[in-house]
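Dumped run06.csv below, it's CSV, C-alpha atoms:
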```csv
chain,number,residue,atom,x,y,z
Z,1,MET,CA,209.3,204.5,149.7
Z,2,LEU,CA,208.4,200.8,149.3
Z,3,PRO,CA,210.4,198.3,151.4
Z,4,ILE,CA,213.8,197.7,149.9
Z,5,SER,CA,217.0,196.3,151.4
Z,6,PRO,CA,220.2,198.5,151.6
Z,7,GLN,CA,221.9,196.1,149.3
Z,8,ALA,CA,219.3,196.4,146.6
Z,9,LEU,CA,219.1,200.2,147.0
Z,10,ALA,CA,222.9,200.4,146.6
Z,11,ALA,CA,222.8,198.1,143.5
Z,12,ILE,CA,220.3,200.5,141.8
Z,13,ALA,CA,223.1,202.9,140.8
Z,14,GLY,CA,225.5,200.2,139.8
Z,15,ALA,CA,225.6,197.0,137.8
Z,16,ALA,CA,222.4,195.2,138.6
Z,17,ARG,CA,220.2,192.7,136.8
Z,18,ARG,CA,216.6,193.8,136.5
Z,19,PRO,CA,214.4,190.8,135.9
Z,20,ILE,CA,210.7,191.4,135.5
Z,21,ARG,CA,207.6,189.2,136.0
Z,22,ALA,CA,203.8,189.3,136.1
Z,23,ASP,CA,200.9,187.3,137.6
Z,24,TRP,CA,197.2,187.3,136.7
Z,25,SER,CA,194.1,186.5,138.7
Z,26,ASN,CA,190.4,186.0,138.0
Z,27,ASP,CA,189.2,185.8,141.6
Z,28,GLY,CA,189.9,189.3,142.8
Z,29,GLY,CA,193.5,188.6,143.8
Z,30,GLN,CA,192.8,185.7,146.1
Z,31,THR,CA,195.0,183.4,144.0
Z,32,TRP,CA,197.6,184.3,141.3
Z,33,THR,CA,198.9,182.5,138.3
Z,34,PRO,CA,202.3,183.4,136.9
Z,35,VAL,CA,202.5,184.8,133.4
Z,36,PRO,CA,204.8,182.5,131.4
Z,37,LYS,CA,206.6,185.4,129.8
Z,38,LEU,CA,206.3,189.1,130.4
Z,39,VAL,CA,207.6,190.5,127.1
Z,40,ALA,CA,207.5,194.2,128.1
Z,41,ALA,CA,205.7,196.5,130.5
Z,42,GLU,CA,205.5,200.2,131.3
Z,43,VAL,CA,204.4,201.5,134.7
Z,44,ARG,CA,203.1,205.0,135.2
Z,45,PRO,CA,202.8,206.0,138.9
Z,46,ASP,CA,201.1,209.5,139.0
Z,47,ARG,CA,199.9,211.2,142.2
Z,48,THR,CA,197.8,213.7,140.2
Z,49,ALA,CA,195.9,211.0,138.3
Z,50,GLU,CA,192.7,209.4,139.6
Z,51,CYS,CA,194.3,206.0,139.4
Z,52,ARG,CA,197.7,206.2,141.2
Z,53,TYR,CA,199.1,203.4,139.0
Z,54,SER,CA,198.4,202.8,135.3
Z,55,GLY,CA,200.4,201.1,132.6
Z,56,THR,CA,200.7,198.6,129.7
Z,57,ALA,CA,202.0,195.1,129.4
Z,58,ASP,CA,202.8,192.6,126.7
Z,59,LEU,CA,201.9,189.1,127.9
Z,60,ALA,CA,202.9,185.9,126.2
Z,61,GLY,CA,201.8,182.3,126.7
Z,62,ILE,CA,198.6,183.1,128.6
Z,63,PRO,CA,195.1,181.7,128.1
Z,64,LEU,CA,192.5,184.2,127.0
Z,65,GLY,CA,188.7,184.3,127.3
Z,66,PRO,CA,186.4,183.6,130.3
Z,67,SER,CA,188.8,181.1,131.9
Z,68,GLY,CA,191.9,183.2,131.1
Z,69,VAL,CA,192.9,186.8,130.9
Z,70,ASN,CA,190.0,189.0,129.9
Z,71,SER,CA,188.9,192.7,130.3
Z,72,VAL,CA,186.0,191.9,132.6
Z,73,VAL,CA,187.3,190.3,135.8
Z,74,SER,CA,191.1,189.8,135.3
Z,75,GLN,CA,193.6,191.6,137.4
Z,76,ILE,CA,197.4,191.8,136.6
Z,77,ARG,CA,200.2,192.1,139.1
Z,78,LEU,CA,203.6,193.4,138.0
Z,79,TRP,CA,207.0,193.0,139.6
Z,80,GLN,CA,210.4,194.6,139.1
Z,81,GLY,CA,213.4,192.6,140.4
Z,82,ILE,CA,216.8,194.0,141.5
Z,83,GLN,CA,219.8,191.7,141.7
Z,84,GLY,CA,223.1,193.1,142.7
Z,85,PRO,CA,226.4,191.3,143.1
Z,86,ARG,CA,226.3,188.4,145.5
Z,87,MET,CA,222.6,188.8,146.3
Z,88,ASP,CA,219.4,187.0,145.4
Z,89,VAL,CA,216.7,188.8,143.3
Z,90,GLU,CA,214.7,191.2,145.4
Z,91,TRP,CA,211.2,191.7,144.0
Z,92,ILE,CA,209.6,195.1,144.2
Z,93,PRO,CA,205.8,195.4,143.6
Z,94,ALA,CA,205.0,197.6,140.6
Z,95,GLY,CA,201.2,197.8,140.8
Z,96,VAL,CA,198.1,195.7,140.8
Z,97,TYR,CA,195.7,196.5,138.0
Z,98,VAL,CA,192.4,195.8,136.3
Z,99,VAL,CA,192.5,195.2,132.5
Z,100,ASP,CA,191.0,198.3,130.8
Z,101,ARG,CA,191.6,197.1,127.2
Z,102,LEU,CA,192.9,193.9,125.7
Z,103,SER,CA,194.3,193.3,122.2
Z,104,ARG,CA,195.0,189.8,121.1
Z,105,THR,CA,198.4,189.0,119.6
Z,106,ARG,CA,199.9,185.9,118.0
Z,107,TYR,CA,201.6,184.9,121.2
Z,108,GLY,CA,199.1,186.3,123.9
Z,109,ALA,CA,197.8,189.8,124.5
Z,110,GLN,CA,198.7,193.4,124.9
Z,111,VAL,CA,196.8,195.0,127.8
Z,112,GLU,CA,196.2,198.5,129.0
Z,113,LEU,CA,196.0,198.6,132.8
Z,114,LEU,CA,194.4,200.8,135.4
Z,115,GLY,CA,194.9,200.7,139.2
Z,116,ARG,CA,192.3,199.2,141.5
Z,117,GLU,CA,190.8,202.6,142.0
Z,118,ASP,CA,189.0,202.0,138.6
Z,119,ALA,CA,187.2,199.0,140.1
Z,120,ILE,CA,185.9,201.2,142.9
Z,121,ARG,CA,185.1,204.1,140.5
Z,122,SER,CA,183.1,201.8,138.1
Z,123,ALA,CA,181.1,200.3,141.0
Z,124,SER,CA,178.7,203.2,141.2
Z,125,LEU,CA,175.8,202.9,143.6
Z,126,PRO,CA,172.6,201.8,141.8
Z,127,ALA,CA,170.5,204.0,144.1
Z,128,PRO,CA,171.3,206.9,146.4
Z,129,ARG,CA,172.3,205.8,149.9
Z,130,MET,CA,172.6,207.4,153.3
Z,131,VAL,CA,175.8,206.4,155.0
Z,132,GLY,CA,176.9,207.1,158.5
Z,133,PRO,CA,177.2,208.4,161.1
Z,134,ASP,CA,180.2,206.3,161.9
Z,135,SER,CA,184.0,206.4,161.9
Z,136,ALA,CA,185.9,207.0,158.7
Z,137,GLN,CA,187.3,203.5,158.9
Z,138,ALA,CA,184.0,201.8,159.2
Z,139,LEU,CA,182.4,203.7,156.4
Z,140,ALA,CA,185.4,203.5,154.0
Z,141,GLU,CA,185.9,199.8,154.5
Z,142,VAL,CA,182.3,199.1,153.7
Z,143,LEU,CA,182.4,201.2,150.5
Z,144,ILE,CA,185.6,199.7,149.4
Z,145,GLY,CA,184.7,196.1,150.4
Z,146,GLU,CA,181.6,196.2,148.2
Z,147,ALA,CA,183.7,196.9,145.2
Z,148,LEU,CA,186.8,194.9,146.1
Z,149,PRO,CA,185.7,192.0,148.2
Z,150,GLY,CA,188.4,190.6,150.5
Z,151,VAL,CA,190.9,193.4,149.9
Z,152,PRO,CA,192.3,195.0,153.1
Z,153,VAL,CA,192.4,198.8,153.6
Z,154,ALA,CA,195.6,200.4,155.0
Z,155,TRP,CA,195.8,203.5,157.2
Z,156,ARG,CA,199.2,205.2,157.3
Z,157,PRO,CA,200.5,207.1,160.3
Z,158,GLY,CA,199.2,210.6,160.4
Z,159,VAL,CA,195.6,209.6,159.4
Z,160,THR,CA,193.1,209.0,162.2
Z,161,PRO,CA,190.8,206.0,161.2
Z,162,GLY,CA,188.5,206.8,164.1
Z,163,THR,CA,187.6,210.3,162.8
Z,164,PRO,CA,183.8,210.7,163.2
Z,165,VAL,CA,181.9,211.2,159.9
Z,166,PRO,CA,178.3,212.5,160.1
Z,167,ALA,CA,175.6,211.0,158.0
Z,168,PHE,CA,175.7,212.0,154.3
Z,169,VAL,CA,174.1,210.9,151.1
Z,170,VAL,CA,176.1,209.2,148.3
Z,171,GLU,CA,174.1,209.8,145.2
Z,172,GLU,CA,176.1,207.5,142.8
Z,173,ASP,CA,179.8,208.2,142.9
Z,174,ARG,CA,181.4,205.6,145.2
Z,175,TRP,CA,185.0,206.9,144.6
Z,176,GLY,CA,183.9,210.5,145.1
Z,177,ALA,CA,182.5,209.5,148.5
Z,178,LEU,CA,185.8,208.0,149.4
Z,179,SER,CA,188.3,210.4,147.8
Z,180,GLY,CA,186.7,213.8,147.2
Z,181,GLY,CA,185.0,216.0,144.8
Z,182,LEU,CA,182.0,218.5,144.7
Z,183,ASP,CA,178.3,217.7,144.9
Z,184,THR,CA,175.7,219.4,142.8
Z,185,SER,CA,175.6,222.4,145.2
Z,186,GLY,CA,179.4,222.9,145.1
Z,187,VAL,CA,180.0,221.5,148.6
Z,188,GLY,CA,183.0,219.2,149.0
Z,189,THR,CA,182.6,215.5,149.4
Z,190,GLY,CA,184.9,212.7,150.3
Z,191,ILE,CA,185.9,210.9,153.5
Z,192,ALA,CA,189.7,211.3,152.8
Z,193,ALA,CA,189.4,215.0,151.9
Z,194,ALA,CA,187.5,215.7,155.1
Z,195,MET,CA,190.4,214.2,157.1
Z,196,GLY,CA,193.0,216.2,155.2
Z,197,ALA,CA,194.2,212.9,153.7
Z,198,GLU,CA,194.3,211.2,150.3
Z,199,VAL,CA,193.3,207.7,149.3
Z,200,TYR,CA,194.8,205.6,146.5
Z,201,ALA,CA,195.7,202.0,145.6
Z,202,ASP,CA,199.4,201.5,146.4
Z,203,ALA,CA,201.9,199.4,144.5
Z,204,ARG,CA,200.6,196.3,146.2
Z,205,GLY,CA,197.0,197.1,145.1
Z,206,ILE,CA,195.9,197.9,148.7
Z,207,PRO,CA,193.5,200.9,149.1
Z,208,THR,CA,195.5,203.3,151.3
Z,209,PHE,CA,194.5,206.4,153.3
Z,210,ALA,CA,197.6,208.5,153.8
Z,211,PRO,CA,198.5,212.1,154.8
Z,212,VAL,CA,199.0,214.6,152.1
Z,213,PRO,CA,202.8,214.7,151.6
Z,214,THR,CA,204.8,217.8,152.5
Z,215,LEU,CA,208.4,218.8,152.1
Z,216,ALA,CA,208.8,218.5,155.9
Z,217,ASP,CA,208.4,214.7,155.5
Z,218,PRO,CA,211.6,212.6,155.9
Z,219,VAL,CA,213.8,212.3,152.8
Z,220,VAL,CA,213.8,208.8,151.4
Z,221,TRP,CA,216.4,209.1,148.7
Z,222,ARG,CA,219.3,211.4,148.0
Z,223,ILE,CA,220.4,211.8,144.4
Z,224,PRO,CA,224.0,213.3,144.0
Z,225,TYR,CA,224.9,215.4,141.0
Z,226,GLY,CA,226.5,213.5,138.3
Z,227,VAL,CA,225.7,210.1,139.7
Z,228,ALA,CA,221.9,209.6,139.2
Z,229,LEU,CA,220.9,212.9,137.7
Z,230,VAL,CA,221.8,213.8,134.2
Z,231,GLU,CA,220.3,217.3,133.9
Z,232,PRO,CA,217.5,218.9,135.8
Z,233,ALA,CA,215.0,220.4,133.4
Z,234,GLU,CA,213.4,223.0,135.6
Z,235,GLN,CA,210.1,224.5,134.7
Z,236,GLU,CA,207.9,226.8,136.8
Z,237,THR,CA,204.1,227.5,136.7
Z,238,ALA,CA,201.7,229.2,139.1
Z,239,GLU,CA,198.8,227.0,137.9
Z,240,GLY,CA,196.8,225.7,140.8
Z,241,LEU,CA,198.8,227.8,143.3
Z,242,ILE,CA,196.7,228.8,146.4
Z,243,ASN,CA,198.3,230.4,149.4
Z,244,LEU,CA,195.2,231.2,151.5
Z,245,TRP,CA,192.4,228.6,152.2
Z,246,ALA,CA,189.1,229.2,153.9
Z,247,VAL,CA,187.7,225.9,155.1
Z,248,SER,CA,184.3,225.3,156.6
Z,249,GLY,CA,181.8,222.6,157.5
Z,250,ASP,CA,178.5,223.5,156.1
Z,251,GLY,CA,176.3,221.8,158.8
Z,252,GLY,CA,174.7,219.7,156.1
Z,253,ASP,CA,173.7,217.0,158.6
Z,254,GLY,CA,171.7,219.5,160.6
Z,255,GLY,CA,174.5,220.4,163.0
Z,256,ALA,CA,176.0,223.8,163.5
Z,257,ALA,CA,178.2,225.2,160.8
Z,258,VAL,CA,181.9,225.0,161.4
Z,259,GLY,CA,184.3,227.8,160.6
Z,260,PRO,CA,185.4,229.2,158.3
Z,261,VAL,CA,188.9,228.5,159.4
Z,262,TYR,CA,191.7,230.3,157.5
Z,263,VAL,CA,195.0,228.7,156.7
Z,264,TRP,CA,197.7,230.6,154.8
Z,265,ASP,CA,201.5,230.5,153.9
Z,266,GLY,CA,203.0,232.5,156.8
Z,267,ASP,CA,206.6,231.9,155.9
Z,268,PRO,CA,208.2,235.3,155.1
Z,269,ASN,CA,211.0,233.5,153.2
Z,270,SER,CA,208.5,231.9,150.8
Z,271,LEU,CA,207.7,233.3,147.4
Z,272,THR,CA,204.1,232.4,148.1
Z,273,TYR,CA,204.0,234.3,151.5
Z,274,ALA,CA,200.5,235.6,152.1
Z,275,GLY,CA,201.4,238.2,154.6
Z,276,PRO,CA,201.3,238.3,158.4
Z,277,ASP,CA,197.5,238.1,158.6
Z,278,PRO,CA,195.7,238.3,155.2
Z,279,VAL,CA,192.3,237.9,156.8
Z,280,GLY,CA,192.4,240.1,159.9
Z,281,ASP,CA,194.8,242.7,158.5
Z,282,PRO,CA,194.9,242.6,154.7
Z,283,LEU,CA,196.6,246.0,154.5
Z,284,ALA,CA,199.6,244.9,156.5
Z,285,PRO,CA,201.8,244.2,153.4
Z,286,GLN,CA,201.1,247.7,152.1
Z,287,ARG,CA,201.8,249.3,155.5
Z,288,GLU,CA,205.0,247.2,156.1
Z,289,GLY,CA,206.3,247.6,152.5
Z,290,LEU,CA,205.8,243.9,151.6
Z,291,THR,CA,205.3,244.7,147.9
Z,292,GLY,CA,205.9,241.1,146.8
Z,293,VAL,CA,203.0,239.7,148.6
Z,294,ARG,CA,200.2,238.4,146.4
Z,295,ILE,CA,197.1,236.6,147.6
Z,296,ARG,CA,195.7,233.6,145.8
Z,297,SER,CA,192.8,232.4,147.8
Z,298,ALA,CA,190.2,229.6,147.6
Z,299,ARG,CA,187.4,228.2,149.7
Z,300,TYR,CA,186.6,224.6,150.6
Z,301,ALA,CA,183.4,223.4,152.4
Z,302,SER,CA,182.4,219.9,153.3
Z,303,ALA,CA,179.4,218.6,155.3
Z,304,LEU,CA,181.9,215.9,156.7
Z,305,ILE,CA,183.9,218.5,158.6
Z,306,THR,CA,182.5,218.4,162.1
Z,307,ASP,CA,184.8,220.6,164.3
Z,308,ILE,CA,187.4,223.4,164.1
Z,309,ALA,CA,190.4,221.1,164.6
Z,310,GLN,CA,189.4,219.0,161.7
Z,311,ALA,CA,188.9,222.1,159.5
Z,312,GLN,CA,192.4,223.2,160.4
Z,313,GLU,CA,193.8,219.8,159.5
Z,314,VAL,CA,192.0,219.9,156.1
Z,315,GLY,CA,193.3,223.5,155.6
Z,316,ARG,CA,196.9,222.5,156.3
Z,317,ALA,CA,196.6,219.6,153.9
Z,318,ARG,CA,195.1,221.6,151.1
Z,319,LEU,CA,197.7,224.3,151.6
Z,320,ALA,CA,200.5,221.8,151.4
Z,321,ASP,CA,199.1,220.4,148.2
Z,322,SER,CA,198.6,223.8,146.5
Z,323,LEU,CA,201.9,225.6,147.3
Z,324,GLY,CA,205.0,225.4,145.2
Z,325,ILE,CA,206.3,225.4,141.7
Z,326,GLN,CA,206.3,222.5,139.2
Z,327,ALA,CA,209.8,221.2,138.4
Z,328,SER,CA,210.8,218.4,136.0
Z,329,LEU,CA,213.9,216.4,136.8
Z,330,SER,CA,215.5,213.8,134.6
Z,331,PHE,CA,217.2,210.7,136.1
Z,332,THR,CA,219.4,208.2,134.4
Z,333,SER,CA,221.0,204.9,135.4
Z,334,ALA,CA,219.0,205.0,138.6
Z,335,CYS,CA,215.6,203.6,138.1
Z,336,ASN,CA,214.4,203.1,141.6
Z,337,PRO,CA,211.2,200.9,141.5
Z,338,ALA,CA,210.8,201.3,145.3
Z,339,LEU,CA,210.2,205.1,144.8
Z,340,GLU,CA,206.5,206.1,145.4
Z,341,THR,CA,204.7,209.2,144.3
Z,342,GLY,CA,204.5,211.5,147.4
Z,343,ASP,CA,208.0,210.5,148.5
Z,344,VAL,CA,210.4,213.3,149.4
Z,345,VAL,CA,213.8,213.2,147.7
Z,346,GLU,CA,216.8,215.4,147.9
Z,347,VAL,CA,218.4,216.3,144.6
Z,348,GLU,CA,221.7,218.0,143.9
Z,349,VAL,CA,220.5,220.0,140.9
Z,350,ARG,CA,223.9,221.8,140.6
Z,351,PRO,CA,227.1,221.1,142.4
Z,352,GLY,CA,226.6,222.0,146.0
Z,353,GLU,CA,222.9,223.0,145.5
Z,354,TRP,CA,220.6,220.5,147.1
Z,355,GLN,CA,216.8,220.8,146.8
Z,356,ARG,CA,214.0,218.9,148.4
Z,357,HIS,CA,211.3,217.7,146.0
Z,358,ILE,CA,208.0,215.8,146.3
Z,359,ILE,CA,207.6,213.1,143.6
Z,360,ASP,CA,204.4,213.6,141.6
Z,361,SER,CA,205.0,211.0,138.9
Z,362,CYS,CA,207.8,208.5,138.2
Z,363,PRO,CA,207.0,206.4,135.1
Z,364,TYR,CA,209.5,203.7,133.9
Z,365,GLN,CA,209.8,200.7,131.7
Z,366,LEU,CA,210.1,197.5,133.7
Z,367,GLY,CA,213.7,196.3,133.3
Z,368,ALA,CA,215.0,199.7,132.3
Z,369,ALA,CA,217.8,201.5,134.1
Z,370,SER,CA,216.4,205.0,133.9
Z,371,MET,CA,213.3,206.8,135.0
Z,372,THR,CA,211.9,210.3,134.6
Z,373,CYS,CA,210.4,212.0,137.6
Z,374,THR,CA,208.0,215.0,137.7
Z,375,THR,CA,208.4,216.7,141.1
Z,376,ARG,CA,207.1,219.6,143.1
Z,377,THR,CA,209.0,221.9,145.4
Z,378,THR,CA,208.4,225.1,147.3
Z,379,ALA,CA,209.7,228.3,145.9
Z,380,ARG,CA,211.8,230.1,148.5
Z,381,ARG,CA,213.5,233.5,148.3
Z,382,LEU,CA,217.3,233.2,148.3
Z,383,ALA,CA,219.2,235.3,150.9
Z,384,ILE,CA,221.4,237.9,149.3
```
Now, as a test, write the supplied structure out as C-alpha cells.
Amino acid sequence: MLPISPQALAAIAGAARRPIRADWSNDGGQTWTPVPKLVAAEVRPDRTAECRYSGTADLAGIPLGPSGVNSVVSQIRLWQGIQGPRMDVEWIPAGVYVVDRLSRTRYGAQVELLGREDAIRSASLPAPRMVGPDSAQALAEVLIGEALPGVPVAWRPGVTPGTPVPAFVVEEDRWGALSGGLDTSGVGTGIAAAMGAEVYADARGIPTFAPVPTLADPVVWRIPYGVALVEPAEQETAEGLINLWAVSGDGGDGGAAVGPVYVWDGDPNSLTYAGPDPVGDPLAPQREGLTGVRIRSARYASALITDIAQAQEVGRARLADSLGIQASLSFTSACNPALETGDVVEVEVRPGEWQRHIIDSCPYQLGAASMTCTTRTTARRLAI
C-alpha cells in the first residue's frame, strides 16, 4: 500500500473531503505545471494489464499544442486528496501517465492516459542488440533510462538487483526484455521474469521491480462486513490455473542447461493440491485414494536462468501467480486511493468469515467515495 497516515486511513470510511488535482509536464517529469482545473478523472490500476495504471482525465484551462499539453511528449500526474476532521489535505499519488489520445474541448482537453510502461514499450530497439552479461540492475537501468531519461528505478525487498544475467539478444521489444514474454523459438525472455519478479510503473510513475505477490504477504487493509463491503460478488474460474511448473534454463548463452526444476502445490488442504510428488510418483494419488487431485502443468524456459536456485525462485513465483480462483468484491464508501494492485487485504465476506485476497485491479473515479476491486484468492478445502 502507498504511504498514508493513520488519520487519513481512518478518515476513508468516514466523512472526508476528497479533493483532486493534476499536473502536466513536457520535459519527462523534471518540472511540473499545475492543471488549473481537473474537471474529472478515472484511474484504472490493473495488475493483469501491460500498463499497471491507465485512465482518463478532463482538463480545463490548459494550453494545447507543442508548448502545452499534446499527445507526443506530454505526461500527466494525477493526485487524490484525503482530508478528515481536523487535518490538512493528504495527497496520494494516482499515477503518472503519457497521453495516448487527446480530444480538444471548449475549455481544454479530454485525454486518454497510459502508464509510463507505454513509453518503454513504444521505444523499440531500431536494431537487434546484444546486452549483458551483467547484473539485472545494470541492464534494466540502461534499457529503462534510454526510454525514460532521468527516471529512477526502484527495487523492492525480495528482489535481488545483483542477480547475474547472461548475455542475450534483444531483437526489438524493449519492454519484453525487461518484463517477460516468449521469443520466436518459444523460450521465455525478460529480466524480471527470470528473477521470479514483476516490473511495472507504480503510482508515482517509477519503474519498479517487485516480488510476485502471494497470500503469505502482510495484510495491508482489513475490511469488516457491513462497514466497507456492500456485497461480495463471488465468481470462480479455473482459467489460467497451473499447479505444477517445470522451469529450466536453456543454456542459450552457451552454458550448461539448468533443470528442469519442478515446483507444485503441495498443500493437501488446497483444492489445487497436485499430490505428494506428481513428478517422481505420479500414481501416488491413485494409490492413496486422493481422487480429487488433478494436475494442470506447464513449462517455462529462459536463457536468463543461470542456476538451480534461480529456477526454483522463478517456479515459486509462477506458481503463486497461477494458483487460486478469481473473485469479485464490491466496496462502497471506502475508496482507498493508497491501495495498490498486488496488496493483500482481509475481507469479512460474511459475518465471522474472513478471507485473504490479492488485489488484481481497483479502478475508481477521483473524488468518489467508492471503488470496485477484482481480487484473487486461493481455494482451500473446508474442514468438516
Excluding same-chain residues fewer than 5 positions from region 334-346 of chain Z, what lies within 9 Å of it counting all atoms listed in the file, as an MDAnalysis selection string?
chainID Z and resid 1:4 9 12:14 45:47 52 80:82 92:94 202:203 212:224 227:229 354:362 364 366:372 375
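The space between CA of Asp58 (chain Z) and CA of Lys37 (chain Z) spans 8.7 Å.
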Record the distance separating CA of Gly190 (chain Z) and CA of Val151 (chain Z), expressed in Å with one decimal.
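We find that CA of Gly190 (chain Z) and CA of Val151 (chain Z) lie 20.2 Å from each other.
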Please indicate the distance in Å from CA of Arg77 (chain Z) to CA of Ala197 (chain Z), rounded to one decimal place.
26.1 Å
Among listed residues Z:Ala147, Z:Val165, Z:Leu125, Z:Ile206, nearest Ala192 (chain Z) (using all atoms listed in the file):
Z:Val165
Looking at all atoms listed in the file, which of Z:Gln30, Z:Ser179, Z:Ser124, Z:Thr208 is the one that sits closest to Ala154 (chain Z)?
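Using all atoms listed in the file, Ala154 (chain Z) sits closest to Z:Thr208.
Minimum atom-to-atom distances from Z:Gly315, Z:Pro351, Z:Pro6, Z:Pro260 to Gly196 (chain Z) were compared using only C-alpha atoms, and the lowest value belongs to Z:Gly315.
At a cut-off of 10 Å from (219.4, 189.6, 145.7), the residue set is Ser5, Gln7, Ala8, Ala11, Ala16, Arg17, Gly81, Ile82, Gln83, Gly84, Pro85, Arg86, Met87, Asp88, Val89, Glu90 and Trp91 of chain Z (counting only C-alpha atoms).
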Using only C-alpha atoms, which of Z:Leu304, Z:Gly280, Z:Gly289, Z:Val98 sits nearest Thr189 (chain Z)?
Z:Leu304
Counting all atoms listed in the file, which residues have an atom no more than 12 Å from (197.8, 212.2, 159.7) in the file's coordinates? Please list them as number ranges by chain.
Z: 155-163, 192-198, 209-214, 217, 310, 313-314, 316-317
Residues at most 10 Å from Trp264 (chain Z), counting all atoms listed in the file, excluding those fewer than 4 positions away in the same chain, as JSON, numbers by chain?
{"Z": [242, 243, 244, 245, 246, 272, 273, 274, 275, 276, 277, 278, 279, 295, 296, 297, 315, 316, 319, 320, 323]}
Hey, can you spit out that residue selection with C-alpha atoms as a PDB file, in the frame of the given file?
```pdb
ATOM      1  CA  ILE Z 242     196.700 228.800 146.400  1.00  0.00           C
ATOM      2  CA  ASN Z 243     198.300 230.400 149.400  1.00  0.00           C
ATOM      3  CA  LEU Z 244     195.200 231.200 151.500  1.00  0.00           C
ATOM      4  CA  TRP Z 245     192.400 228.600 152.200  1.00  0.00           C
ATOM      5  CA  ALA Z 246     189.100 229.200 153.900  1.00  0.00           C
ATOM      6  CA  THR Z 272     204.100 232.400 148.100  1.00  0.00           C
ATOM      7  CA  TYR Z 273     204.000 234.300 151.500  1.00  0.00           C
ATOM      8  CA  ALA Z 274     200.500 235.600 152.100  1.00  0.00           C
ATOM      9  CA  GLY Z 275     201.400 238.200 154.600  1.00  0.00           C
ATOM     10  CA  PRO Z 276     201.300 238.300 158.400  1.00  0.00           C
ATOM     11  CA  ASP Z 277     197.500 238.100 158.600  1.00  0.00           C
ATOM     12  CA  PRO Z 278     195.700 238.300 155.200  1.00  0.00           C
ATOM     13  CA  VAL Z 279     192.300 237.900 156.800  1.00  0.00           C
ATOM     14  CA  ILE Z 295     197.100 236.600 147.600  1.00  0.00           C
ATOM     15  CA  ARG Z 296     195.700 233.600 145.800  1.00  0.00           C
ATOM     16  CA  SER Z 297     192.800 232.400 147.800  1.00  0.00           C
ATOM     17  CA  GLY Z 315     193.300 223.500 155.600  1.00  0.00           C
ATOM     18  CA  ARG Z 316     196.900 222.500 156.300  1.00  0.00           C
ATOM     19  CA  LEU Z 319     197.700 224.300 151.600  1.00  0.00           C
ATOM     20  CA  ALA Z 320     200.500 221.800 151.400  1.00  0.00           C
ATOM     21  CA  LEU Z 323     201.900 225.600 147.300  1.00  0.00           C
TER      22      LEU Z 323
END
```
Env of Ser302 (chain Z): 7 Å cut, atoms = only C-alpha atoms, seq-sep filter 2 positions within chain, self excluded. Answer as number ranges by chain.
Z: 187-189, 194, 248-250, 300, 304-305
Which neighbours of Val99 (chain Z) fall inside 8 Å, counting all atoms listed in the file, when residues of the same chain fewer than 4 positions from it are skipped, and could you give them as a PDB file with C-alpha atoms, keeping the file's coordinate frame?
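out.pdb was written with the following content:
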```
ATOM      1  CA  ASN Z  70     190.000 189.000 129.900  1.00  0.00           C
ATOM      2  CA  SER Z  71     188.900 192.700 130.300  1.00  0.00           C
ATOM      3  CA  VAL Z  72     186.000 191.900 132.600  1.00  0.00           C
ATOM      4  CA  VAL Z  73     187.300 190.300 135.800  1.00  0.00           C
ATOM      5  CA  SER Z  74     191.100 189.800 135.300  1.00  0.00           C
ATOM      6  CA  GLN Z  75     193.600 191.600 137.400  1.00  0.00           C
ATOM      7  CA  ILE Z  76     197.400 191.800 136.600  1.00  0.00           C
ATOM      8  CA  VAL Z 111     196.800 195.000 127.800  1.00  0.00           C
ATOM      9  CA  GLU Z 112     196.200 198.500 129.000  1.00  0.00           C
ATOM     10  CA  LEU Z 113     196.000 198.600 132.800  1.00  0.00           C
ATOM     11  CA  LEU Z 114     194.400 200.800 135.400  1.00  0.00           C
TER      12      LEU Z 114
END
```
So, counting only C-alpha atoms, which residue among Z:Gly176, Z:Pro63, Z:Gly259, Z:Pro126 is closest to Gln312 (chain Z)?
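For Gln312 (chain Z), the nearest of the candidates is Z:Gly259.
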Neighbours of Ala123 (chain Z) within 9 Å (all atoms listed in the file; same-chain residues fewer than 6 positions away dropped), as a PyMOL selection string?
chain Z and resi 146-147+172-175
Quick one: write out the picked residues with C-alpha atoms as a CSV table (one decimal), in the frame of the given file?
```csv
chain,number,residue,atom,x,y,z
Z,146,GLU,CA,181.6,196.2,148.2
Z,147,ALA,CA,183.7,196.9,145.2
Z,172,GLU,CA,176.1,207.5,142.8
Z,173,ASP,CA,179.8,208.2,142.9
Z,174,ARG,CA,181.4,205.6,145.2
Z,175,TRP,CA,185.0,206.9,144.6
```
